[in-house]
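Student: Enclosed is the structure file coords_29.txt (compact mmCIF, C-alpha atoms).
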# COMPACT_ATOMS: atom_id res chain seq x y z
CA MET A 169 -22.36 27.98 34.51
CA ARG A 170 -24.71 29.89 32.23
CA ALA A 171 -26.91 32.48 33.90
CA ILE A 172 -28.87 35.62 33.14
CA GLY A 173 -27.18 38.88 34.08
CA ILE A 174 -28.64 42.39 34.31
CA ASP A 175 -26.63 44.84 32.22
CA GLY A 176 -28.16 48.30 32.43
CA GLY A 177 -31.48 49.64 31.20
CA THR A 178 -34.90 48.73 32.53
CA GLY A 179 -36.53 47.02 29.55
CA PRO A 180 -35.87 43.28 29.17
CA ALA A 181 -34.35 43.62 25.71
CA GLU A 182 -31.78 46.09 27.06
CA ALA A 183 -31.20 44.65 30.52
CA LEU A 184 -31.13 40.86 30.32
CA ARG A 185 -28.23 38.97 28.78
CA LEU A 186 -26.82 35.47 28.92
CA ILE A 187 -23.53 35.35 30.85
CA GLU A 188 -20.98 32.89 32.19
CA ALA A 189 -20.90 33.03 36.01
CA PRO A 190 -18.88 31.12 38.62
CA ASP A 191 -20.43 27.88 39.80
CA PRO A 192 -21.88 28.40 43.29
CA VAL A 193 -20.68 26.19 46.16
CA PRO A 194 -23.10 25.10 48.91
CA GLY A 195 -22.24 26.36 52.36
CA PRO A 196 -23.14 24.71 55.67
CA GLY A 197 -26.81 23.76 55.72
CA GLU A 198 -27.23 24.37 51.99
CA ILE A 199 -27.78 22.21 48.94
CA LEU A 200 -26.63 22.80 45.37
CA ILE A 201 -29.40 22.31 42.81
CA ARG A 202 -28.78 21.52 39.15
CA VAL A 203 -31.60 23.66 37.84
CA ALA A 204 -33.99 22.18 35.32
CA ALA A 205 -36.43 25.10 35.34
CA ALA A 206 -37.05 28.43 37.06
CA GLY A 207 -40.31 30.26 37.64
CA VAL A 208 -40.67 33.83 36.36
CA ASN A 209 -42.41 36.18 38.80
CA ARG A 210 -43.37 39.84 38.99
CA PRO A 211 -40.68 40.61 41.60
CA ASP A 212 -38.13 39.63 38.91
CA LEU A 213 -39.42 42.52 36.78
CA LEU A 214 -39.04 44.92 39.70
CA GLN A 215 -35.50 43.73 40.43
CA ARG A 216 -34.56 44.11 36.78
CA ALA A 217 -35.76 47.73 36.97
CA GLY A 218 -33.72 48.38 40.11
CA LEU A 219 -36.78 48.62 42.35
CA TYR A 220 -36.47 45.38 44.36
CA PRO A 221 -32.88 44.63 45.36
CA PRO A 222 -32.03 41.17 46.70
CA PRO A 223 -31.78 40.83 50.48
CA PRO A 224 -28.31 40.82 52.08
CA GLY A 225 -26.38 37.68 51.21
CA ALA A 226 -28.68 36.61 48.36
CA SER A 227 -27.45 36.06 44.80
CA PRO A 228 -27.84 39.12 42.54
CA ILE A 229 -29.00 36.80 39.76
CA LEU A 230 -32.76 36.92 39.16
CA GLY A 231 -35.04 34.05 40.11
CA LEU A 232 -36.96 33.19 43.28
CA GLU A 233 -38.00 29.59 42.60
CA VAL A 234 -36.50 26.59 40.84
CA ALA A 235 -36.89 22.87 40.34
CA GLY A 236 -34.14 20.39 39.59
CA THR A 237 -31.97 17.71 41.16
CA VAL A 238 -29.67 17.91 44.15
CA ALA A 239 -26.09 18.09 42.86
CA ALA A 240 -24.14 18.49 46.12
CA LEU A 241 -24.66 18.81 49.87
CA GLY A 242 -23.19 21.36 52.23
CA ASP A 243 -21.94 20.39 55.67
CA GLY A 244 -24.64 19.32 58.07
CA VAL A 245 -27.31 18.45 55.49
CA ASP A 246 -28.85 15.06 56.18
CA ARG A 247 -32.38 15.38 54.81
CA TRP A 248 -31.49 15.32 51.10
CA ARG A 249 -29.36 13.06 48.92
CA VAL A 250 -27.56 13.77 45.65
CA GLY A 251 -30.01 13.04 42.82
CA ASP A 252 -33.18 13.92 44.76
CA ARG A 253 -35.76 15.84 42.73
CA VAL A 254 -36.61 19.06 44.56
CA CYS A 255 -38.19 22.46 44.11
CA ALA A 256 -37.09 25.35 46.26
CA LEU A 257 -37.69 28.93 47.32
CA LEU A 258 -34.68 31.18 46.72
CA GLY A 259 -33.66 34.66 47.77
CA GLY A 260 -32.18 34.94 44.26
CA GLY A 261 -30.12 32.96 41.77
CA GLY A 262 -32.76 30.95 39.92
CA TYR A 263 -32.01 32.11 36.36
CA ALA A 264 -28.92 29.89 36.20
CA GLU A 265 -27.81 26.30 35.62
CA LEU A 266 -26.84 25.89 39.28
CA ALA A 267 -28.24 27.45 42.44
CA THR A 268 -27.58 27.09 46.16
CA VAL A 269 -30.35 27.23 48.73
CA ASP A 270 -30.92 26.64 52.43
CA ALA A 271 -31.79 22.93 52.59
CA ARG A 272 -34.81 23.79 54.74
CA HIS A 273 -36.33 25.80 51.88
CA ALA A 274 -36.65 22.82 49.49
CA LEU A 275 -39.60 20.49 48.95
CA PRO A 276 -39.73 17.06 47.26
CA VAL A 277 -41.15 16.90 43.74
CA PRO A 278 -43.81 14.17 43.38
CA ASP A 279 -42.83 11.37 41.00
CA ASP A 280 -45.60 12.16 38.52
CA LEU A 281 -44.84 15.89 38.33
CA ASP A 282 -42.32 17.10 35.76
CA LEU A 283 -39.69 19.62 36.79
CA ILE A 284 -41.03 22.34 34.48
CA ALA A 285 -44.34 22.33 36.33
CA ALA A 286 -42.65 21.96 39.72
CA ALA A 287 -40.65 25.16 39.12
CA GLY A 288 -43.88 27.14 39.26
CA LEU A 289 -44.83 25.95 42.75
CA PRO A 290 -42.57 27.25 45.56
CA GLU A 291 -42.99 31.04 45.32
CA THR A 292 -46.70 30.86 44.58
CA VAL A 293 -47.70 28.13 47.04
CA LEU A 294 -45.75 29.74 49.88
CA THR A 295 -47.14 33.20 49.06
CA VAL A 296 -50.71 31.92 49.06
CA PHE A 297 -50.23 29.92 52.23
CA ALA A 298 -48.63 32.81 54.14
CA ASN A 299 -51.24 35.34 53.05
CA VAL A 300 -54.49 33.46 52.56
CA PHE A 301 -54.17 30.67 55.11
CA GLU A 302 -52.09 32.39 57.81
CA ALA A 303 -52.68 36.16 57.58
CA GLY A 304 -56.16 35.73 56.07
CA ALA A 305 -57.06 32.71 58.22
CA LEU A 306 -59.34 31.32 55.48
CA LYS A 307 -61.67 28.64 56.84
CA PRO A 308 -63.54 25.90 54.96
CA GLY A 309 -66.92 27.23 53.91
CA GLU A 310 -65.76 30.86 53.78
CA THR A 311 -65.49 32.89 50.57
CA LEU A 312 -62.17 34.09 49.15
CA LEU A 313 -62.02 36.96 46.64
CA ILE A 314 -58.96 36.80 44.37
CA HIS A 315 -58.00 39.77 42.23
CA GLY A 316 -55.78 38.81 39.30
CA ALA A 317 -57.05 35.25 39.45
CA THR A 318 -55.29 34.08 36.29
CA SER A 319 -51.83 35.22 37.38
CA GLY A 320 -49.36 32.66 38.68
CA ILE A 321 -50.33 33.41 42.27
CA GLY A 322 -54.00 33.73 41.35
CA VAL A 323 -54.38 30.30 39.76
CA THR A 324 -52.56 28.74 42.72
CA ALA A 325 -54.84 30.55 45.16
CA VAL A 326 -57.94 29.29 43.35
CA GLN A 327 -56.76 25.68 43.54
CA MET A 328 -55.56 25.86 47.15
CA ALA A 329 -58.76 27.54 48.37
CA LYS A 330 -60.94 24.94 46.65
CA ALA A 331 -58.84 22.10 48.05
CA HIS A 332 -59.37 23.67 51.48
CA GLY A 333 -63.15 23.63 51.05
CA ALA A 334 -63.62 27.37 50.54
CA ARG A 335 -65.74 29.21 47.99
CA VAL A 336 -63.91 31.40 45.43
CA ILE A 337 -64.89 34.61 43.67
CA ALA A 338 -62.32 35.46 41.00
CA THR A 339 -61.70 38.69 39.11
CA SER A 340 -59.60 38.97 35.97
CA ARG A 341 -59.51 41.12 32.88
CA GLY A 342 -61.30 39.86 29.77
CA ALA A 343 -63.89 37.19 29.03
CA ALA A 344 -61.26 34.56 28.14
CA LYS A 345 -59.49 34.99 31.47
CA ALA A 346 -62.76 34.94 33.37
CA GLU A 347 -63.60 31.63 31.71
CA ALA A 348 -60.12 30.27 32.51
CA ALA A 349 -60.59 31.11 36.21
CA ARG A 350 -63.96 29.39 36.16
CA ALA A 351 -62.41 26.30 34.57
CA LEU A 352 -59.82 26.20 37.38
CA GLY A 353 -62.61 25.98 39.95
CA ALA A 354 -63.76 29.52 40.77
CA ASP A 355 -67.40 29.49 41.87
CA VAL A 356 -67.97 33.01 40.56
CA SER A 357 -65.67 34.49 37.90
CA LEU A 358 -65.96 38.18 36.99
CA ASP A 359 -64.52 40.13 34.07
CA ALA A 360 -63.05 43.24 35.69
CA GLY A 361 -63.78 45.25 32.55
CA ASP A 362 -67.42 44.25 32.21
CA GLY A 363 -70.13 45.56 34.52
CA ASP A 364 -70.47 46.30 38.21
CA MET A 365 -68.12 44.03 40.16
CA THR A 366 -69.16 45.54 43.49
CA GLY A 367 -72.80 44.67 42.88
CA ALA A 368 -71.97 41.21 41.57
CA ILE A 369 -69.88 40.42 44.65
CA ARG A 370 -72.61 41.75 46.93
CA ASP A 371 -75.20 39.63 45.14
CA ALA A 372 -72.91 36.61 45.60
CA GLY A 373 -72.99 37.09 49.37
CA GLY A 374 -69.86 39.14 49.95
CA VAL A 375 -66.48 37.75 50.95
CA ASP A 376 -64.55 36.80 54.08
CA VAL A 377 -60.96 37.05 52.78
CA ILE A 378 -59.46 39.09 49.92
CA LEU A 379 -56.14 38.35 48.20
CA ASP A 380 -55.31 41.69 46.59
CA MET A 381 -52.52 42.16 44.06
CA VAL A 382 -54.05 45.32 42.55
CA GLY A 383 -53.91 47.87 45.37
CA ALA A 384 -55.33 51.39 45.29
CA ALA A 385 -57.85 51.03 42.47
CA TYR A 386 -59.83 48.33 44.29
CA ALA A 387 -59.74 49.75 47.81
CA ARG A 388 -63.34 50.95 47.87
CA LEU A 389 -64.59 47.74 46.23
CA ASN A 390 -62.69 45.64 48.76
CA GLN A 391 -64.06 47.41 51.82
CA THR A 392 -67.59 47.15 50.46
CA ALA A 393 -67.17 43.47 49.59
CA LEU A 394 -65.88 42.35 53.00
CA ASN A 395 -68.36 40.77 55.37
CA ALA A 396 -68.19 41.48 59.09
CA GLY A 397 -64.89 40.21 60.46
CA GLY A 398 -63.40 40.01 56.97
CA ARG A 399 -59.67 40.00 56.25
CA TRP A 400 -58.11 41.98 53.38
CA VAL A 401 -54.55 40.91 52.53
CA VAL A 402 -52.46 43.04 50.16
CA ILE A 403 -49.53 41.44 48.33
CA GLY A 404 -49.18 43.81 45.37
CA THR A 405 -49.89 47.39 44.35
CA GLN A 406 -50.04 47.27 40.58
CA SER A 407 -52.51 50.18 40.48
CA GLY A 408 -50.65 52.22 43.10
CA PRO A 409 -49.80 52.03 46.81
CA LEU A 410 -51.88 54.93 48.19
CA ALA A 411 -55.57 54.26 48.89
CA GLU A 412 -58.39 55.91 50.81
CA ILE A 413 -59.75 53.72 53.61
CA ASP A 414 -63.06 54.24 55.40
CA LEU A 415 -62.00 53.82 59.02
CA THR A 416 -65.58 53.96 60.30
CA ARG A 417 -66.50 50.98 58.11
CA LEU A 418 -63.31 49.26 59.26
CA MET A 419 -64.40 49.59 62.90
CA LEU A 420 -68.09 48.83 62.46
CA LYS A 421 -67.48 45.70 60.38
CA ARG A 422 -64.39 44.62 62.37
CA GLN A 423 -62.35 44.45 59.18
CA VAL A 424 -58.68 43.53 59.20
CA LEU A 425 -56.28 45.05 56.64
CA THR A 426 -52.82 43.54 56.41
CA GLY A 427 -50.13 42.69 53.88
CA SER A 428 -46.72 41.13 53.46
CA THR A 429 -43.81 40.22 51.24
CA LEU A 430 -42.07 36.86 51.19
CA ARG A 431 -38.53 37.55 49.99
CA SER A 432 -37.51 39.76 52.92
CA ARG A 433 -38.43 37.20 55.61
CA SER A 434 -35.64 35.57 57.58
CA ALA A 435 -34.25 32.16 56.68
CA ASP A 436 -35.81 30.69 59.82
CA GLU A 437 -39.22 32.17 59.00
CA LYS A 438 -39.07 30.82 55.45
CA ALA A 439 -38.10 27.42 56.86
CA ARG A 440 -41.12 27.54 59.16
CA LEU A 441 -43.40 28.33 56.22
CA VAL A 442 -41.91 25.54 54.08
CA ALA A 443 -42.47 23.06 56.93
CA GLN A 444 -46.08 24.19 57.26
CA VAL A 445 -46.64 23.86 53.52
CA ALA A 446 -45.06 20.39 53.56
CA ALA A 447 -47.43 19.33 56.33
CA ARG A 448 -50.64 21.04 55.22
CA VAL A 449 -50.49 21.65 51.45
CA TRP A 450 -48.07 19.22 49.81
CA THR A 451 -50.58 16.38 49.98
CA TRP A 452 -52.78 18.43 47.63
CA VAL A 453 -49.83 18.77 45.26
CA ALA A 454 -49.10 15.02 45.43
CA GLU A 455 -52.77 14.27 44.73
CA GLY A 456 -52.83 16.61 41.73
CA ARG A 457 -55.34 19.00 43.31
CA VAL A 458 -52.85 21.88 43.26
CA ARG A 459 -51.08 21.95 39.90
CA PRO A 460 -51.05 25.53 38.52
CA PRO A 461 -51.16 25.58 34.71
CA ILE A 462 -47.98 26.49 32.82
CA ASP A 463 -48.80 29.30 30.42
CA ALA A 464 -45.51 29.36 28.51
CA THR A 465 -41.98 27.98 28.65
CA PHE A 466 -38.89 29.78 27.34
CA PRO A 467 -35.23 28.67 27.16
CA LEU A 468 -32.82 30.49 29.47
CA SER A 469 -31.38 32.44 26.54
CA GLU A 470 -34.84 33.93 25.87
CA ALA A 471 -35.47 35.24 29.39
CA LYS A 472 -36.25 38.64 27.90
CA ASP A 473 -39.21 37.15 26.02
CA ALA A 474 -40.50 35.59 29.23
CA HIS A 475 -40.37 39.03 30.88
CA LEU A 476 -42.15 40.63 27.94
CA ARG A 477 -44.97 38.08 28.17
CA LEU A 478 -45.34 38.63 31.91
CA GLU A 479 -45.36 42.41 31.45
CA ALA A 480 -48.01 42.15 28.72
CA GLY A 481 -50.38 40.51 31.19
CA VAL A 482 -51.79 38.05 28.65
CA HIS A 483 -50.70 34.92 30.52
CA VAL A 484 -52.93 32.44 32.34
CA GLY A 485 -50.86 30.62 34.96
CA LYS A 486 -47.09 30.40 35.32
CA ILE A 487 -44.30 31.42 32.96
CA VAL A 488 -41.21 29.23 33.30
CA LEU A 489 -37.63 29.18 32.01
CA ALA A 490 -36.46 25.73 30.88
CA ILE A 491 -32.77 25.51 31.78
CA GLY A 492 -31.46 21.98 32.23
Just give me the structure as structure tokens.
Tutor:
Amino acid sequence: MRAIGIDGGTGPAEALRLIEAPDPVPGPGEILIRVAAAGVNRPDLLQRAGLYPPPPGASPILGLEVAGTVAALGDGVDRWRVGDRVCALLGGGGYAELATVDARHALPVPDDLDLIAAAGLPETVLTVFANVFEAGALKPGETLLIHGATSGIGVTAVQMAKAHGARVIATSRGAAKAEAARALGADVSLDAGDGDMTGAIRDAGGVDVILDMVGAAYARLNQTALNAGGRWVVIGTQSGPLAEIDLTRLMLKRQVLTGSTLRSRSADEKARLVAQVAARVWTWVAEGRVRPPIDATFPLSEAKDAHLRLEAGVHVGKIVLAIG
């Protein structure tokens, strides 16, 4: 099969190359997917740079989410059939024509959703569910603050929060991105480079949950923005991992600060999350209420260009590799 290999260097032009790799074979409890498309995510950039190695047993090939058709079944798989359209969360291996995955980590693709769009769902939907709905315990009527609201995870979080009946305050960089977040459903959309975000969030009534992909630079803003009993969930540290926290404010306002990653979770825990998403979120996908926009699509051979676009930060929505 064709796949993308990492061949030294840290920049995409130096590191990523098209290779021929052995076809994977599904083991017990796994399915083989003929990949039509793979989502491109920030952890892929970190792995390419040697900063985010795959967990034990995972494919060293990049790619954490794919969509395609089931090509073969491992022993003991009875939920899926050859030919089923699925999207799936992977520990690695998505930048390839074939990928194996735990059958419990796959979801059905609705009939009216093309496989390019479906490839942008698993990593983002599961990340938002685990962090906003479980760790953040967002309730209908509460307000969610999303930093980086036009990223792949950000646009998904906007749509899922609105489908849940929550209010959304979005931050993004630049007037065009702020308008894009507003068009996706954000009730308040702020340009991070224009004016006093802290004051604007305060004037909007503060927030109950924060989905933070920025990290250190927004720590003071986040603590000020949180209402009493608010939950601040960190899933990225693009501005740095070390932040100063006001512990007195934390105690007085009963704030909760937490964070997580998805890739390092056990197979059983990922299966639990997929089952929860299937039961609680997938109806929104089937109804078209959660359909993150696709910013750009690149062929597998141009994976380096997909990485360059993601690194540039100009995208609104998901970047996807078209493979099959």
Student: Taking only C-alpha atoms into account, name the residue in A:Ala181, A:Leu418, A:Val375, A:Leu294 that is nearest to Ala325 of chain A.
Tutor: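 Among the listed residues, A:Leu294 lies closest to Ala325 of chain A.
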Student: Hey, what's within 10 Å of Phe301 of chain A if we count only C-alpha atoms and toss same-chain stuff fewer than 3 positions away? As a list of chain:residue names, please?
Tutor: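 Returned residues: A:Leu294, A:Thr295, A:Val296, A:Phe297, A:Ala298, A:Gly304, A:Ala305, A:Leu306, A:Lys307, A:Ala325, A:Met328, A:Ala329, A:His332, A:Val377.
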Student: Of the candidates A:Ala189, A:Val234, A:Ala317, A:Leu420, which one gets nearest to Glu347 of chain A if we count only C-alpha atoms?
Tutor: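 Selected residue with least distance to Glu347 of chain A: A:Ala317.
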Student: Residues at most 12 Å from Trp400 of chain A, counting all atoms listed in the file, excluding those fewer than 4 positions away in the same chain, as a ChimeraX atom specification?
Tutor: /A:299-300,303-306,312-315,375-381,383,386-396,413,418,422-428
Student: In Å, how far is it from atom CA of Ala454 of chain A to atom CA of Tyr263 of chain A?
Tutor: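 Spanning atom CA of Ala454 of chain A to atom CA of Tyr263 of chain A is a straight-line distance of 25.8 Å.
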Student: I'd like the contact shell of segment 202-205 of chain A - 6 Å cut-off, all atoms listed in the file, skipping same-chain residues fewer than 4 positions apart - returned as a PyMOL selection string.
Tutor: chain A and resi 234-237+239+265-266+284+287+489-492
Student: Which residue, A:Val245, A:Leu257, A:Ile321, A:Ala349, has the smallest gap to Gly404 of chain A when you use all atoms listed in the file?
Tutor: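 The closest residue to Gly404 of chain A is A:Ile321.
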Student: Would you be able to write out as a list in words which residues have an atom within 10 Å of (-30.8, 25.8, 52.4) in the file's coordinates, counting only C-alpha atoms?
Tutor: Pro194, Gly195, Pro196, Gly197, Glu198, Ile199, Leu200, Leu241, Gly242, Val245, Ala256, Leu257, Leu258, Thr268, Val269, Asp270, Ala271, Arg272, His273, Ala274, Ala435 and Ala439 of chain A
Student: Would you pick out the contacts of Ala372 of chain A at 10 Å or less, using all atoms listed in the file, so that residues sharing its chain but fewer than 2 positions from it are not included, and give the list as a list in words?
Tutor: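 Once the nearby chain positions are removed, what remains is Thr311, Ile337, Asp355, Val356, Thr366, Gly367, Ala368, Ile369, Arg370, Gly374, Val375 and Ala393 of chain A.
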Student: Got a sec: who's within 8 Å of Pro211 of chain A, counting all atoms listed in the file, leaving out chain neighbours fewer than 3 positions off, as a PyMOL selection string?
Tutor: chain A and resi 214-215+220
Student: Could you list as a compact mmCIF listing (two decimals) with C-alpha atoms, in the frame of the given file every residue that has an atom within 12 Å of (-61.4, 25.6, 34.5), using the file's coordinates and counting all atoms listed in the file?
Tutor:
# COMPACT_ATOMS: atom_id res chain seq x y z
CA ALA A 317 -57.05 35.25 39.45
CA THR A 318 -55.29 34.08 36.29
CA VAL A 323 -54.38 30.30 39.76
CA VAL A 326 -57.94 29.29 43.35
CA GLN A 327 -56.76 25.68 43.54
CA ALA A 338 -62.32 35.46 41.00
CA ALA A 344 -61.26 34.56 28.14
CA LYS A 345 -59.49 34.99 31.47
CA ALA A 346 -62.76 34.94 33.37
CA GLU A 347 -63.60 31.63 31.71
CA ALA A 348 -60.12 30.27 32.51
CA ALA A 349 -60.59 31.11 36.21
CA ARG A 350 -63.96 29.39 36.16
CA ALA A 351 -62.41 26.30 34.57
CA LEU A 352 -59.82 26.20 37.38
CA GLY A 353 -62.61 25.98 39.95
CA ALA A 354 -63.76 29.52 40.77
CA ASP A 355 -67.40 29.49 41.87
CA VAL A 356 -67.97 33.01 40.56
CA SER A 357 -65.67 34.49 37.90
CA PRO A 460 -51.05 25.53 38.52
CA PRO A 461 -51.16 25.58 34.71
CA VAL A 484 -52.93 32.44 32.34
CA GLY A 485 -50.86 30.62 34.96
Student: Tell me which of A:Gly342, A:Pro409, A:Pro290, A:Pro467 sits closest to Gly481 of chain A, counting only C-alpha atoms.
Tutor: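 Using only C-alpha atoms, Gly481 of chain A sits closest to A:Gly342.
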Student: Which value, in Å to one decimal, gives the distance between atom CA of Ile174 of chain A and atom CA of Ile462 of chain A?
Tutor: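 That distance, rounded to one decimal, is 25.1 Å.
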Student: Using only C-alpha atoms, which residues of segment 177-295 of chain A come within 10 Å of segment 471-480 of chain A, and what is the closest atom pair for each, with the distance in Å to one decimal? Give it as CSV, sorted by chain and residue number.
Tutor:
residue,atom,partner,partner_atom,distance
A:Gly179,CA,A:Lys472,CA,8.5
A:Pro180,CA,A:Lys472,CA,4.8
A:Ala181,CA,A:Lys472,CA,5.8
A:Glu182,CA,A:Lys472,CA,8.7
A:Ala183,CA,A:Lys472,CA,8.3
A:Leu184,CA,A:Lys472,CA,6.1
A:Arg185,CA,A:Lys472,CA,8.1
A:Leu186,CA,A:Ala471,CA,8.7
A:Gly207,CA,A:Ala474,CA,10.0
A:Val208,CA,A:Ala474,CA,7.3
A:Asn209,CA,A:Leu478,CA,7.9
A:Arg210,CA,A:Leu478,CA,7.4
A:Asp212,CA,A:His475,CA,8.4
A:Leu213,CA,A:His475,CA,6.9
A:Arg216,CA,A:His475,CA,9.7
A:Tyr263,CA,A:Ala471,CA,8.4
Student: I need the residue nearest Leu281 of chain A from this list: A:Asp175, A:Asp359, A:Glu455, A:Glu233. Use all atoms listed in the file for the distance.
Tutor: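 Looking only at the distances to Leu281 of chain A, the closest residue turns out to be A:Glu455.
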Student: Is it possible to get the axis-aligned box enclosing segment 214-228 of chain A (all listed atoms, 3 Å extra per side) as lines of an AutoDock Vina configuration file, with centre and edge lengths in Å rounded to one decimal?
Tutor:
center_x = -32.7
center_y = 42.3
center_z = 44.4
size_x = 18.7
size_y = 18.6
size_z = 21.3
Student: Could you check how far atom CA of Ala226 of chain A sits from atom CA of Ala171 of chain A, in Å to one decimal?
Tutor: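 Spanning atom CA of Ala226 of chain A to atom CA of Ala171 of chain A is a straight-line distance of 15.1 Å.
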Student: Rank nothing, just name the residue among A:Gly176, A:Gly373, A:Pro308, A:Gly262 nearest to Gly218 of chain A, using only C-alpha atoms.
Tutor: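 That would be A:Gly176, the residue with the smallest distance to Gly218 of chain A.
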Student: Place N, CA and C atoms on segment 358-371 of chain A and deliver the coordinates as a short mmCIF file (atom, residue, chain, number, x, y, z; two decimals), keeping the file's coordinate frame.
Tutor:
data_model
loop_
_atom_site.label_atom_id
_atom_site.label_comp_id
_atom_site.auth_asym_id
_atom_site.auth_seq_id
_atom_site.Cartn_x
_atom_site.Cartn_y
_atom_site.Cartn_z
N LEU A 358 -65.52 36.89 37.50
CA LEU A 358 -65.96 38.18 36.99
C LEU A 358 -64.91 38.79 36.08
N ASP A 359 -65.37 39.36 34.97
CA ASP A 359 -64.52 40.13 34.07
C ASP A 359 -64.43 41.54 34.64
N ALA A 360 -63.22 41.94 35.04
CA ALA A 360 -63.05 43.24 35.69
C ALA A 360 -63.41 44.41 34.78
N GLY A 361 -63.46 44.17 33.48
CA GLY A 361 -63.78 45.25 32.55
C GLY A 361 -65.22 45.24 32.09
N ASP A 362 -66.05 44.42 32.71
CA ASP A 362 -67.42 44.25 32.21
C ASP A 362 -68.42 44.31 33.36
N GLY A 363 -69.04 45.46 33.55
CA GLY A 363 -70.13 45.56 34.52
C GLY A 363 -69.69 45.96 35.91
N ASP A 364 -70.63 45.83 36.83
CA ASP A 364 -70.47 46.30 38.21
C ASP A 364 -69.97 45.16 39.09
N MET A 365 -68.67 45.11 39.33
CA MET A 365 -68.12 44.03 40.16
C MET A 365 -68.60 44.14 41.60
N THR A 366 -68.72 45.37 42.10
CA THR A 366 -69.16 45.54 43.49
C THR A 366 -70.54 44.94 43.69
N GLY A 367 -71.44 45.23 42.78
CA GLY A 367 -72.80 44.67 42.88
C GLY A 367 -72.81 43.17 42.72
N ALA A 368 -72.00 42.65 41.79
CA ALA A 368 -71.97 41.21 41.57
C ALA A 368 -71.43 40.48 42.80
N ILE A 369 -70.42 41.06 43.45
CA ILE A 369 -69.88 40.42 44.65
C ILE A 369 -70.88 40.50 45.79
N ARG A 370 -71.57 41.63 45.90
CA ARG A 370 -72.61 41.75 46.93
C ARG A 370 -73.71 40.72 46.70
N ASP A 371 -74.14 40.58 45.45
CA ASP A 371 -75.20 39.63 45.14
C ASP A 371 -74.76 38.19 45.39
#
